[in-house]
Amino acid sequence: MIVSWERIILIAVWVIAIAAFFFIPKRHRREAQVIFLFQQFLSWILGLIVVQNGWLQYPVRELHENRTSFTFEFMGYPIIAVYMNLYYPVKKSAWVRFLYMMAYPAAITVIEVMIEVHTELIEYMTWTWYWSFLSIWATLYISFLFYRWFFRSEFVK
């Protein structure tokens with residue numbers, strides 16, 4: 001049985017995401033779970049909208065009944081949101097916080113474009129990299145606002 005690069009990438013994302021959970025400090029695991037579940041909720045709904053409208057497609061995917069990328073929507077992206085939220089530089093300057101909030105969507109977008117060009121995991125139909133950047137930035141920012149709201153008592157000091 002020959003395993004494609006696409007399947008290797010999908011398995012690698014699962015392994016990295018599961019391993020990343022073990023590096024979350026115990027004192028932050030409750031927060032991480034809330035962030036993770038909220039980001040799954042956001043990315044799943046928006047992923048369905050994008051795919052159902054034919055803006056992009058996932059030729060190689062895990063679930064054939066559902067045309068989104070289960071690995072990205074349910075593991076990869078939510079764990080990234082966990083780390084972005086938990087390690088947000090609250091006490092740094094506005095410039096550093098701005099760069100931090102731009103670095104995550106920029107890095108994810110670059111990786112996504114490379115995957116789109118070199119694999120069959122994602123295919124842009126009418127979608128472009130800047131829509132990815134904007135949607136990733138917006139969902140990460142919404143998850144950040146939700147995280148701050150949900151745990152507001154821990155931020156007010």
# chains A, B, ... in the order shown; residues from 1 in each chain; ligands from 1
$ residues_around --residues "Leu37 in chain A" --least-positions-apart "6" --cutoff "12 Å" --atoms "only C-alpha atoms" --output "ChimeraX atom specification"
/A:30-31,43-44,73-75,77-79,81-82,143,146-147
$ write_last_selection --atoms "N, CA, C and O atoms" --output "CSV table (one decimal), in the first residue's frame"
chain,number,residue,atom,x,y,z
A,30,ARG,N,-7.8,24.0,31.4
A,30,ARG,CA,-9.3,24.3,31.3
A,30,ARG,C,-9.5,25.4,30.3
A,30,ARG,O,-10.4,25.4,29.5
A,31,GLU,N,-8.6,26.4,30.3
A,31,GLU,CA,-8.7,27.5,29.3
A,31,GLU,C,-8.5,27.0,27.9
A,31,GLU,O,-9.2,27.3,27.0
A,43,SER,N,-14.6,27.4,13.2
A,43,SER,CA,-14.0,26.9,12.0
A,43,SER,C,-14.9,25.9,11.2
A,43,SER,O,-14.9,25.9,10.0
A,44,TRP,N,-15.6,25.1,12.0
A,44,TRP,CA,-16.5,24.1,11.3
A,44,TRP,C,-17.6,24.8,10.6
A,44,TRP,O,-17.9,24.5,9.4
A,73,GLU,N,-10.1,21.6,10.4
A,73,GLU,CA,-11.1,22.3,11.2
A,73,GLU,C,-11.2,21.8,12.6
A,73,GLU,O,-11.6,22.6,13.5
A,74,PHE,N,-10.9,20.5,12.9
A,74,PHE,CA,-11.1,20.0,14.2
A,74,PHE,C,-9.9,19.8,15.0
A,74,PHE,O,-10.0,19.6,16.2
A,75,MET,N,-8.7,19.8,14.4
A,75,MET,CA,-7.5,19.6,15.2
A,75,MET,C,-6.4,20.7,15.0
A,75,MET,O,-6.0,21.3,15.9
A,77,TYR,N,-6.2,23.7,13.3
A,77,TYR,CA,-6.6,25.1,13.5
A,77,TYR,C,-6.9,25.4,15.0
A,77,TYR,O,-6.4,26.4,15.6
A,78,PRO,N,-7.8,24.6,15.6
A,78,PRO,CA,-8.1,24.9,17.0
A,78,PRO,C,-6.9,24.8,18.0
A,78,PRO,O,-6.8,25.6,18.9
A,79,ILE,N,-5.9,23.9,17.7
A,79,ILE,CA,-4.8,23.9,18.6
A,79,ILE,C,-3.9,25.1,18.4
A,79,ILE,O,-3.3,25.6,19.4
A,81,ALA,N,-5.1,28.1,17.7
A,81,ALA,CA,-5.8,29.1,18.4
A,81,ALA,C,-5.6,29.0,19.9
A,81,ALA,O,-5.5,30.0,20.6
A,82,VAL,N,-5.4,27.8,20.4
A,82,VAL,CA,-5.1,27.6,21.8
A,82,VAL,C,-3.8,28.3,22.2
A,82,VAL,O,-3.7,29.1,23.1
A,143,SER,N,-12.1,34.3,18.5
A,143,SER,CA,-11.8,33.4,19.6
A,143,SER,C,-11.0,34.1,20.8
A,143,SER,O,-11.2,33.8,21.9
A,146,PHE,N,-13.6,36.0,22.7
A,146,PHE,CA,-14.4,35.1,23.5
A,146,PHE,C,-13.6,34.6,24.7
A,146,PHE,O,-14.2,34.5,25.8
A,147,TYR,N,-12.4,34.3,24.5
A,147,TYR,CA,-11.5,33.8,25.6
A,147,TYR,C,-11.4,34.9,26.6
A,147,TYR,O,-11.6,34.6,27.8
$ select_by_dssp --residues "chain A" --states "helix (DSSP H, G or I)" --output "JSON, numbers by chain"
{"A": [5, 6, 7, 8, 9, 10, 11, 12, 13, 14, 15, 16, 17, 18, 19, 20, 21, 22, 26, 27, 28, 29, 30, 31, 32, 33, 34, 35, 36, 37, 38, 39, 40, 41, 42, 43, 44, 45, 46, 47, 48, 49, 50, 51, 52, 70, 71, 72, 73, 74, 75, 76, 77, 78, 79, 80, 81, 82, 83, 84, 85, 86, 94, 95, 96, 97, 98, 99, 100, 101, 102, 103, 104, 105, 106, 107, 108, 109, 110, 111, 112, 113, 114, 115, 116, 117, 118, 129, 130, 131, 132, 133, 134, 135, 136, 137, 138, 139, 140, 141, 142, 143, 144, 145, 146, 147, 148, 149, 150, 152, 153, 154, 155]}
$ select_by_dssp --residues "range 6-152 of chain A" --states "strand (DSSP E or B)" --output "VMD selection string"
chain A and resid 56 to 57 123 to 124
$ closest_residue --among "A:Gly76, A:Gln40, A:Leu46, A:Glu6" --to "Ile18 in chain A" --atoms "only C-alpha atoms"
A:Gly76
$ closest_residue --among "A:Phe38, A:Trp131, A:Ala32, A:Pro89" --to "Leu145 in chain A" --atoms "only C-alpha atoms"
A:Phe38
$ atom_distance --atom1 "CA of Ser135 in chain A" --atom2 "CA of Pro105 in chain A"
8.6 Å
$ residues_around --residues "range 98-102 of chain A" --least-positions-apart "2" --cutoff "12 Å" --atoms "only C-alpha atoms" --output "MDAnalysis selection string"
chainID A and resid 81 83:85 87:90 92:96 104:109 133:134 136:144
$ residues_around --residues "range 53-61 of chain A" --least-positions-apart "4" --cutoff "6 Å" --atoms "only C-alpha atoms" --output "count of residues only"
9
